[in-house]
Structure formats: C-alpha cells, structure tokens
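Asks: Handing you this structure, nothing more for now.
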Amino acid sequence: MRLETYQTDGFYDEMFEADGAPRSRVRGLASRLAGLSEGELTQRQKAADMTLLNMGITFAVYGHEAGTEKVWPFDVVPRVVEGHEFARIDKGLKQRIQALNLFIADVYGEAKIIRDKVVPAELIYSAPCFLKQCVGLKPPGGVWCHVTGTDLVRHSDGKFYVLEDNLRCPSGVSYVIENREVMKRTYPQMFDGMRIQPVEDYPEKLLETLQHVAPPADGVPNVVVLTPGIYNSAYFEHSFLAQQMGVDLVEGSDLVISGGFVWMRTTRGLKRVDVIYRRIDDTFLDPTRFRADSMLGVPGLMEVYENGNVTLANAPGTGVADDKAVYAYVPQIIKYYLQEEMILPNVPTHVCWVDKERDYVLEHLHELVVKPTNESGGYGILIGPRASAEELANYKELIRANPRNYIAQPVIALSRVPTIVDDHLEGRHVDLRPYILYGKDIFVLPGGLTRVALRKGSLIVNSSQGGGSKDTWVLAEDGLNGSHDIASKQAQTQSQSQSQSQTQSKPAFVASGS
Amino acid sequence: MLSRVADSVFWLSRYVERAENVARFIEVNMHLSLDLGESASQQWGPLVNITGDHEEFAKRYGEATREKVWQFLTFDRKNPNSILSCLSAARENARTIRGTLPSLLWEELNKFYLYVRAAATGDSFENAPTFLEQVKLGSYLFVGLTESVMSRNEAWHFSRLGRNIERADKTSRILDVKYFILLPTSHDVGTPLDVIQWAALLKSASALEMYRQVRGRITPVDVVEFLMLNTEFPRSIRSCLARAEESLRFISGSPGGTTTPAVRMLSELGSQFDFPQAGDIIQSGLHEFIDRFQANLLAVDGAIFDAFFAKKPLATTEPLPVGQ
C-alpha cells in the first residue's frame with residue numbers, strides 16, 4: 001500500500017510527523033501498512049465488518065422501526081498512544097475524578113464550595129441535572145461517580161485536553177474490549193512486535209468496584225445491571241457487561257421492593273439485590289420520586305437507596321458535575337479540594353451565563369464552537385467557522401434567550417489518524433474516551449474508545465452523527481509486560497494420542513506369509 | 001435465575017428445535033415427492049397440518065402446492081411457525097438474555113439467524129437442499145454448544161426442558177398426521193411404495209437407521225412403538241418426556257417427590273407411555289391418544305409458566321427470602 005500520497009494537511013497526525021515520516025511509536029505498524037499488497041487492507045476491513053455482524057455488536061438506531069440494529073463502523077487501522085503519554089492521562093484523570101467526586105458530595109452536602117463562592121450558586125442550582133432530591137444523600141464509601149468516561153482530544157500542539165466529563169451513564173467501554181477482540185480475530189499480524197497494554201480485565205475491575213461499594217451484607221454481594229431493555233441504543237453494552245461480570249441483567253419489572261430491600265424475581269422466589277449498576281437515567285429510576293411516567297424504574301427504589309440498603313452506581317445526581325457550564329470551573333474545583341494545579345488542561349471555555357463572556361461569544365461567534373450545556377450525542381452544536389450567516393444569527397437569538405444553556409470554545413483541531421477510505425488511507429479526526437472506575441481506589445483503563453469522524457473534514461465523532469471507532473493501543477512503558485516463562489511450564493507429559501493407545505493395547509499386527 | 005430469563009431460555013430452545021423439525025419435515029417430503037412422481041402434489045397439504053397451521057394456510061394461500069407450502073413454512077413472516085419466524089423469535093429471546101448465554105452460543109445463533117434472513121431475500125427454492133441442510137446444522141450446532149459449554153445449571157435445564165417438550169410435541173404431530181394418511185392404504189402393506197412412505201415418516205424424526213437397528217423390517221405397529229414408546233431413541237415421545245421430567249425436577253428442586261403441579265402433571269403424562277403396547281394404542285385409536293397427549297402437554301406448558309415465568313403479585317410470593 002502506498003503511503004507516500006498520505007497527507008497530514010497541517011493537522012496533528014497520530015501516525016505521521018508533519019514531514020510524513022512515521023512517529024517513533026508506530027514505526028513497525030507503519031512499515032507493515034506500507035508493505036501490504038493492494039487490496040489487502042480493504043479485505044481485512046471486510047472481514048472485520050463481517051465479524052462484528054456475526055458477533056451481533058450492534059446499536060439500536062432511534063427514529064427508525066423498533067428493533068433496527070446497526071453495526072457501528074469500525075476501522076481496522078489502530079490508534080496508538082505512547083505509554084508515557086497515557087501515564088500522564090492516567091494521573092490527570094485520577095486527579096480530576098477525585099476532585100469531581102468531592103465536588104458532588106459537597107454540592108449535595110455542606111455546599112462549602114458554594115459558600116466560599118468558588119462556583120456560583122445560581123449556576124449549580126440552575127443545572128438541569130442538579131437533583132434536589134439528592135441533597136443529604138451519603139452513598140457508601142462517599143463514592144458518587146463509580147464509572148466515568150472522559151472525552152479527551154489532542155490539539156495541534158500535540159497535547160491532550162479534556163473536552164467533557166461524562167459522569168452519568170457513560171457508554172462505549174464494551175466497544176473498547178470488543179474492538180480489541182475483532183482486531184485479534186481479523187488482523188493478528190498487526191500486533192507483531194508491539195507491546196500493547198491489555199483492556200480485557202475491565203469487567204473484572206468493574207465487578208470489584210461494584211462489590212466494594214455494596215451495603216453491608218452476608219456473603220458475596222448480589223450485583224445486577226439494570227437496563228431499559230433491548231430497544232435501548234446501548235443494550236449490547238448492558239448485556240455484554242452483565243455477561244462478562246457473570247451477573248444478572250435485569251429490567252425494572254424484574255425488581256420489586258419489599259420490607260425495605262430490593263429483590264429480583266427468580267424461578268425460586270425473590271432474591272435480594274445489593275448493588276445496581278444502573279444504565280437508566282436518574283429521572284427514570286423511581287416513578288414515585290422522579291418522573292411519574294417512568295416504566296423503566298422501580299417504584300420505591302430511592303427510599304431503599306436512602307436507607308442504605310441498596311447501592312446505585314452511579315449515584316443519582318452526578319450529572320450536576322458534567323454540566324458543560326460547571327465544566328468551565330473544574331480547574332478551580334481541583335484547586336479548591338486538592339490544592340493542586342490541574343494536570344490535564346481544559347479547553348478554554350466561555351460560559352454564556354456570565355455577561356462579559358456572553359458579549360465576547362456573541363461578537364466572535366463565527367470563530368467559536370458553541371454547545372448546549374446539557375446535551376450529549378453531539379446534538380445542538382454550532383461550529384462557527386462553518387455556519388451560514390443565517391445560522392449564526394439564529395444561534396445568537398438562542399444564546400440571548402437562554403444564556404445559561406450555552407458555552408463556547410475555540411475550534412479545536414482534533415488530531416487525525418489514517419483511516420480506510422475506499423481503497424486507500426486518509427486522515428480523519430478522532431477523540432479519545434478513557435474509562436475510569438472509582439471504588440476502593442481509582443483505576444483508569446489503559447486504552448479507551450477512539451471515536452473517528454468518518455466524514456471528510458468532520459469534527460463530530462458521535463455514533464449518531466456518522467462516527468465510527470478504532471482500536472486504541474496504549475503501548476507498554478518499558479519494564480512492563482515482561483514475557484512469562486511459558487516454555488518451562490509446557491515441559492509436561494504429552495497427551496496420549498489415539499495411535500499410541502491403540503498400538504499399546506493391541507498386539508502388533510504380524511503379516512502372515514502369503 | 002430471573003423468571004424472565006428462564007422464560008426466554010426455554011422458548012429460545014423450543015424455537016430452534018421447531019425450526020429444525022420444520023426443515024426436516026420439508027426435506028423428507030421433497031425426497032418423498034421425487035419418489036412418488038405424479039401423485040406428489042397431494043403430499044404437500046399434510047405438511048401444513050403437521051405444524052397445525054392448516055386453517056391459516058388455507059385462508060391466505062388456498063390450494064397446497066409445493067411452492068406455496070415451501071414459502072409458508074420457510075420464509076413467511078406472518079406464519080409464526082415458519083423457519084424465519086422461529087429463528088427471529090429465537091434470536092430475539094437470545095438477545096434479551098445475552099447476559100446469561102455464553103457468547104459462543106449467542107454468536108452461532110446470531111449467524112444462524114443472519115443466514116436464514118439472507119436466504120429469505122433470494123429466490124430460494126433452487127437452493128432448498130442447501131438451505132434445509134444449513135438449518136438442521138444450525139440447530140445441531142446450537143444443541144452441541146449448550147452441551148459442551150454450558151454448566152448443568154438452571155439455564156441449561158430450562159433449555160433442555162424446552163427442547164424436549166418441543167420434540168415430543170413434533171414427533172406426536174408427525175405421527176398423527178402421517179399415520180392418518182397412510183392408514184387407508186394399509187391394504188398395500190408390504191408393497192414397495194408403502195415401505196417408502198413409512199420410512200419417510202421415520203426419517204422425519206431422524207429415526208430410520210436407529211429403527212432398523214432394533215426392528216429391522218418396517219411395520220406400522222413397530223413404527224408407532226418406536227416413535228412413541230422407545231426408551232433409547234432421543235426423539236421418541238417417551239424419551240423426550242423422561243428428559244423433560246428430569247430437568248423439570250432439577251429446576252423445581254425436587255429430585256424424588258412430586259411437589260409442584262408442573263412436576264406432577266409431567267410425571268403423570270410420562271407414565272402414560274410406560275405401560276401400553278403400541279398395538280393397544282392403535283386398537284383404541286392412535287389419533288385420540290395423541291389428541292389427549294397434546295392437550296395434556298399444553299396443560300404442562302401452562303403449569304410451567306405459572307410456576308416459573310409468570311409475574312406473580314408480590315403477596316402470593318411471600319414469605320420472602322430465598323437466596324440470601
């Protein structure tokens with residue numbers, strides 16, 4: 001395959017330097033790509049697509065006929081992150097999650113940070129995801145955000161920035177694990193000579209985290225995954241995680257409340273549930289407390305939770321900390337609780353709720369990216385430089401009408417990774433979502449979900465907007481992953497084979513003279 | 001295990017078994033019609049009777065021709081017992097319990113479904129032999145995997161229970177329909193044609209070779225005996241009921257006694273096959289016997305549903321704790 005024609009177009013490319021030479025971390029990989037015969041890459045790509053279809057790794061598409069499933073596009077050219085780069089990400093994320101967790105506990109507790117005027121009270125109490133029902137809650141171990149997926153981007157300066165926090169029900173980790181599996185099945189040669197940190201132990205770590213935060217109970221706590229059902233877009237992930245942890249995947253109607261505890265209906269009667277890894281939104285958890293029309297939750301669940309007889313992961317109310325206006329205050333939040341400087345920087349952010357910043361945003365709209373503070377999935381975003389005069393004018397009205405709902409950031413030139421387009425490679429923009437678990441301590445999975453904007457020039461990587469994904473290889477730092485001495489363990493008796501046993505049990509055949 | 005999951009495992013297994021049986025019925029009938037030539041057209045109507053969907057068929061298709069019956073039994077989405085419908089239902093059940101199934105099992109079932117779905121879009125009659133073969137193989141693979149990668153836990157027993165109840169039902173149906181058709185020609189006993197027809201009946205239950213090993217020559221009484229009362233052949237009604245009962249007892253946690261209505265009913269039903277001779281059953285009316293059997297099997301189904309799958313109001317399940 002010819003790589004000479006590949007262009008970095010002035011963007012930071014994850015595989016090539018600006019002069020077209022492969023970066024040191026991917027030298028082996030780049031030469032293998034260059035050595036591929038014509039058509040081989042597309043052939044492997046087809047094999048990977050087929051594998052995904054057969055494995056049923058799909059997501060449901062909303063707005064179509066119920067039950068429509070799609071395979072999420074997967075690109076076989078991996079995205080490689082240097083070990084020492086990820087070590088910094090690891091450190092930065094641990095710091096961030098620790099601070100955000102303290103922040104959530106404070107907001108629903110003594111509210112010191114508000115009284116000390118580090119974060120404006122109105123901003124917090126006007127966040128749609130601030131739940132007044134959660135004031136006074138004390139989740140086990142003081143952990144609120146057990147599972148987090150934080151979106152990072154690499155800018156043209158080569159540095160990683162935090163783009164947004166996802167502290168509610170972040171999805172995508174199943175794709176991290178399955179993408180690796182698909183790569184191993186369809187393209188094992190790609191791994192030659194690379195030392196890549198494994199991601200397969202995530203379910204084990206997740207189970208450990210969930211068991212750790214269980215309310216006091218005899219024996220091993222009963223953990224379940226709560227799903228809205230098979231028509232939810234992330235159903236594959238819910239079932240995958242339950243299966244890999246070996247726990248039950250329940251729907252709201254499988255659970256009942258009785259005698260102050262949560263139970264699940266089994267073939268042998270009711271069984272107590274200790275920890276619910278819930279993948280339904282806060283406001284659907286309990287119709288008696290939040291949305292009365294919720295059919296997905298369990299009436300009475302919150303009362304059991306408040307009495308400490310069941311653990312919900314993540315805790316309800318965590319969304320207050322991933323509100324995009326609150327995001328702008330994370331540097332101050334880290335400093336306030338940890339007396340530390342932020343390790344992983346934020347993208348500079350203008351909070352439209354603040355008068356001065358709003359004026360700036362309205363004046364510079366054509367050069368900014370504007371986002372609604374409480375949306376996800378890439379919906380409602382305005383990319384100033386690409387918007388028409390009319391779109392800009394309309395958006396200005398939106399901002400003026402509801403400034404609390406918008407923040408603005410400079411356009412980040414997301415880094416690019418070579419991606420298969422027809423029969424050749426072109427650069428496509430990517431982000432990176434690592435996953436963080438918070439139980440006994442904080443664990444960052446070495447890897448993450450690399451989402452890629454498959455449309456030429458597009459900066460929107462969301463699956464709902466034409467995004468795909470790639471396997472993410474975090475290289476081992478030197479001294480890790482020493483090879484085990486397998487050969488010596490294999491020096492055991494060989495298995496008996498059929499011919500052996502037969503020759504031993506039967507008398508040798510003696511040819512009689514003819 | 002969760003009641004909802006148990007329900008899905010049970011039905012998943014039944015649907016796969018049903019698809020396999022329908023495929024075998026069609027295959028055997030195709031071969032038979034090649035042997036019979038001219039009169040073959042009358043062979044296709046009874047096939048729809050076996051699955052019990054003759055009224056539905058008549059309403060929508062009219063006369064039972066080869067092509068119409070083929071379409072109805074393979075890819076007709078409106079026929080809940082077509083191979084495509086069975087596989088869709090099996091996969092949908094599997095999807096809701098993906099957390100419980102070994103991924104190997106899910107993946108093969110998913111491939112199986114994708115294959116059938118793809119076959120449905122082409123003009124498939126030309127490829128009928130390959131298609132039917134693949135459906136049977138898909139089912140064998142499914143059963144083989146449950147045998148080799150699943151623990152003998154509740155899920156496995158629910159799966160085995162479903163499979164054996166479905167099998168018992170299908171064996172009884174094919175026997176009922178075919179015997180009814182073959183009887184008027186009983187004066188032909190011993191003629192080559194008759195042997196071919198009876199052999200086809202055995203083949204429909206994959207039973208011909210095993211039958212030969214124990215009975216040799218084909219006689220109607222021996223065929224009835226083999227398909228209903230044999231204790232060694234895994235598709236005879238009696239064997240199916242015995243396995244189903246074993247699994248039901250495991251699930252109910254009552255290896256010896258007859259504690260739940262479902263166990264009691266299934267046990268009673270099984271005992272009806274322990275004593276009679278095939279000759280006596282035929283004498284007193286095979287069709288009536290099978291009719292009663294099917295009604296009883298339906299009642300067992302209902303009892304299983306009540307005991308394990310139904311969402312009972314909380315009051316009836318107290319006093320509470322099982323498990324912790």
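Following the order of the structure tokens, chains are lettered A, B, ..., residues in each are numbered from 1, and ligands are numbered from 1.
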Give the residues of chain A that lie within 10 Å of chain B; count only C-alpha atoms, and format the answer as a ChimeraX atom specification.

Replies: /A:51-57,67,217-222,225,229-231,235-251,253-259,263-273

Asks: Got time to write the residues from that selection, C-alpha atoms, as an mmCIF file, in the first residue's frame?

Replies:
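The result, stored in selection_28.cif:
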data_model
loop_
_atom_site.group_PDB
_atom_site.id
_atom_site.type_symbol
_atom_site.label_atom_id
_atom_site.label_comp_id
_atom_site.auth_asym_id
_atom_site.auth_seq_id
_atom_site.Cartn_x
_atom_site.Cartn_y
_atom_site.Cartn_z
ATOM 1 C CA THR A 51 -17.052 -10.444 12.413
ATOM 2 C CA LEU A 52 -18.867 -7.520 14.012
ATOM 3 C CA LEU A 53 -22.114 -8.510 12.344
ATOM 4 C CA ASN A 54 -21.765 -12.128 13.410
ATOM 5 C CA MET A 55 -20.897 -11.166 16.959
ATOM 6 C CA GLY A 56 -24.028 -9.028 16.957
ATOM 7 C CA ILE A 57 -22.106 -5.973 18.124
ATOM 8 C CA GLY A 67 -35.513 -3.018 16.843
ATOM 9 C CA ALA A 217 -24.377 -7.946 53.644
ATOM 10 C CA ASP A 218 -23.535 -11.530 54.420
ATOM 11 C CA GLY A 219 -21.564 -13.289 51.745
ATOM 12 C CA VAL A 220 -20.790 -12.024 48.259
ATOM 13 C CA PRO A 221 -22.981 -9.039 47.372
ATOM 14 C CA ASN A 222 -25.526 -9.589 44.618
ATOM 15 C CA VAL A 225 -27.002 -4.470 35.719
ATOM 16 C CA GLY A 229 -34.310 -3.187 27.580
ATOM 17 C CA ILE A 230 -33.334 -4.459 24.160
ATOM 18 C CA TYR A 231 -34.500 -1.387 22.285
ATOM 19 C CA TYR A 235 -28.360 -2.617 25.014
ATOM 20 C CA PHE A 236 -25.455 -4.552 23.569
ATOM 21 C CA GLU A 237 -23.163 -2.985 26.128
ATOM 22 C CA HIS A 238 -25.512 -3.687 29.031
ATOM 23 C CA SER A 239 -25.747 -7.357 28.138
ATOM 24 C CA PHE A 240 -22.034 -7.570 27.413
ATOM 25 C CA LEU A 241 -21.033 -6.185 30.794
ATOM 26 C CA ALA A 242 -23.514 -8.374 32.672
ATOM 27 C CA GLN A 243 -22.312 -11.433 30.800
ATOM 28 C CA GLN A 244 -18.640 -10.650 31.298
ATOM 29 C CA MET A 245 -19.121 -9.976 35.011
ATOM 30 C CA GLY A 246 -21.354 -13.030 35.360
ATOM 31 C CA VAL A 247 -24.177 -11.065 36.946
ATOM 32 C CA ASP A 248 -27.866 -10.812 36.100
ATOM 33 C CA LEU A 249 -29.054 -8.286 33.555
ATOM 34 C CA VAL A 250 -32.375 -7.028 34.900
ATOM 35 C CA GLU A 251 -35.139 -4.771 33.679
ATOM 36 C CA SER A 253 -40.032 -5.080 36.015
ATOM 37 C CA ASP A 254 -37.721 -7.837 37.296
ATOM 38 C CA LEU A 255 -37.235 -5.904 40.524
ATOM 39 C CA VAL A 256 -39.595 -5.402 43.445
ATOM 40 C CA ILE A 257 -39.341 -3.542 46.724
ATOM 41 C CA SER A 258 -40.383 -5.291 49.895
ATOM 42 C CA GLY A 259 -39.500 -4.983 53.559
ATOM 43 C CA TRP A 263 -35.463 -8.069 45.326
ATOM 44 C CA MET A 264 -35.398 -9.706 41.936
ATOM 45 C CA ARG A 265 -37.969 -12.218 40.747
ATOM 46 C CA THR A 266 -36.318 -15.555 40.125
ATOM 47 C CA THR A 267 -37.576 -19.028 39.351
ATOM 48 C CA ARG A 268 -37.008 -19.866 43.009
ATOM 49 C CA GLY A 269 -38.693 -16.885 44.529
ATOM 50 C CA LEU A 270 -37.247 -13.499 45.411
ATOM 51 C CA LYS A 271 -33.543 -12.854 45.759
ATOM 52 C CA ARG A 272 -32.063 -9.786 47.403
ATOM 53 C CA VAL A 273 -30.180 -7.249 45.287
#

Asks: How would you write, as a ChimeraX atom specification, the set of residues in stretch 81-290 of chain B that DSSP gives as alpha helix (DSSP H)?

Replies: /B:83-96,103-121,128-149,154-182,192-204,208-215,220-229,237-252,261-271,278-283,286-290

Asks: Got a sec: who's within 10 Å of A:Trp144, counting only C-alpha atoms, leaving out chain neighbours fewer than 2 positions off, as number ranges by chain?

Replies: A: 100-105, 137-142, 146-147, 167-168, 312-318, 438-439

Asks: Let's see if you can do this: from backbone DSSP, list all strand (DSSP E) residues in stretch 186-400 of chain A, as a ChimeraX atom specification.

Replies: /A:223-226,248-250,255-258,261-266,269-273,275-278,311-313,350-351,368-372,382-383

Asks: Which of these residues is nearest to B:Gln197, using only C-alpha atoms: B:Val16, B:Val116, B:Val221, B:Val28?

Replies: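 Among B:Val16, B:Val116, B:Val221, B:Val28, it is B:Val28 that comes nearest to B:Gln197.
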
Asks: Which residues are close to B:Ala303, i.e. within 10 Å by only C-alpha atoms, leaving aside same-chain residues fewer than 2 positions away? Reply as a list of chain:residue names.

Replies: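 Residues meeting the cut-off are B:Thr260, B:Pro261, B:Ala262, B:Val263, B:Arg264, B:Met265, B:Leu266, B:Leu297, B:Leu298, B:Ala299, B:Val300, B:Asp301, B:Phe305, B:Asp306, B:Ala307, B:Phe308, B:Phe309, B:Ala310.
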
Asks: Calculated over only C-alpha atoms, which of the candidates A:Val430, A:Leu344, A:Leu206, A:Ala47 has the smallest distance to A:Tyr187?

Replies: A:Ala47

Asks: Record the distance separating atom CA of A:Arg23 and atom CA of A:Gly83, expressed in Å with one decimal.

Replies: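 Computed distance, atom CA of A:Arg23 to atom CA of A:Gly83, equals 13.8 Å.
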
Asks: Measuring atom to atom with only C-alpha atoms, identify which of A:Val135, A:Cys129, A:Ile280, A:Leu368 is nearest to A:Pro170.

Replies: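 Once distances to A:Pro170 are computed over only C-alpha atoms, the minimum belongs to A:Ile280.
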
Asks: Excluding same-chain residues fewer than 6 positions from B:Cys240, what lies within 8 Å of it counting only C-alpha atoms, as JSON, numbers by chain?

Replies: {"B": [164, 165, 167, 168, 234]}

Asks: Residues as selected, N, CA, C and O atoms, written as a short mmCIF file (atom, residue, chain, number, x, y, z; two decimals), in the first residue's frame, can you do that?

Replies:
data_model
loop_
_atom_site.label_atom_id
_atom_site.label_comp_id
_atom_site.auth_asym_id
_atom_site.auth_seq_id
_atom_site.Cartn_x
_atom_site.Cartn_y
_atom_site.Cartn_z
N ASN B 164 -37.04 -30.67 24.77
CA ASN B 164 -37.68 -31.98 24.81
C ASN B 164 -39.20 -31.90 24.73
O ASN B 164 -39.83 -32.76 24.15
N ILE B 165 -39.76 -30.84 25.29
CA ILE B 165 -41.21 -30.68 25.16
C ILE B 165 -41.56 -30.41 23.69
O ILE B 165 -42.49 -30.99 23.14
N ARG B 167 -39.83 -31.32 21.08
CA ARG B 167 -39.58 -32.54 20.32
C ARG B 167 -40.71 -33.55 20.48
O ARG B 167 -41.18 -34.13 19.50
N ALA B 168 -41.14 -33.74 21.71
CA ALA B 168 -42.23 -34.67 21.97
C ALA B 168 -43.47 -34.25 21.18
O ALA B 168 -44.15 -35.07 20.56
N PRO B 234 -33.67 -40.75 21.21
CA PRO B 234 -33.89 -39.45 21.87
C PRO B 234 -35.08 -38.65 21.34
O PRO B 234 -35.42 -37.63 21.91
#

Asks: Can you work out which one of A:Gly92, A:Pro403, A:Gly319, A:Pro78 has the shortest atom-to-atom distance to A:Leu475, counting only C-alpha atoms?

Replies: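 Using only C-alpha atoms, the shortest distance to A:Leu475 belongs to A:Pro78.
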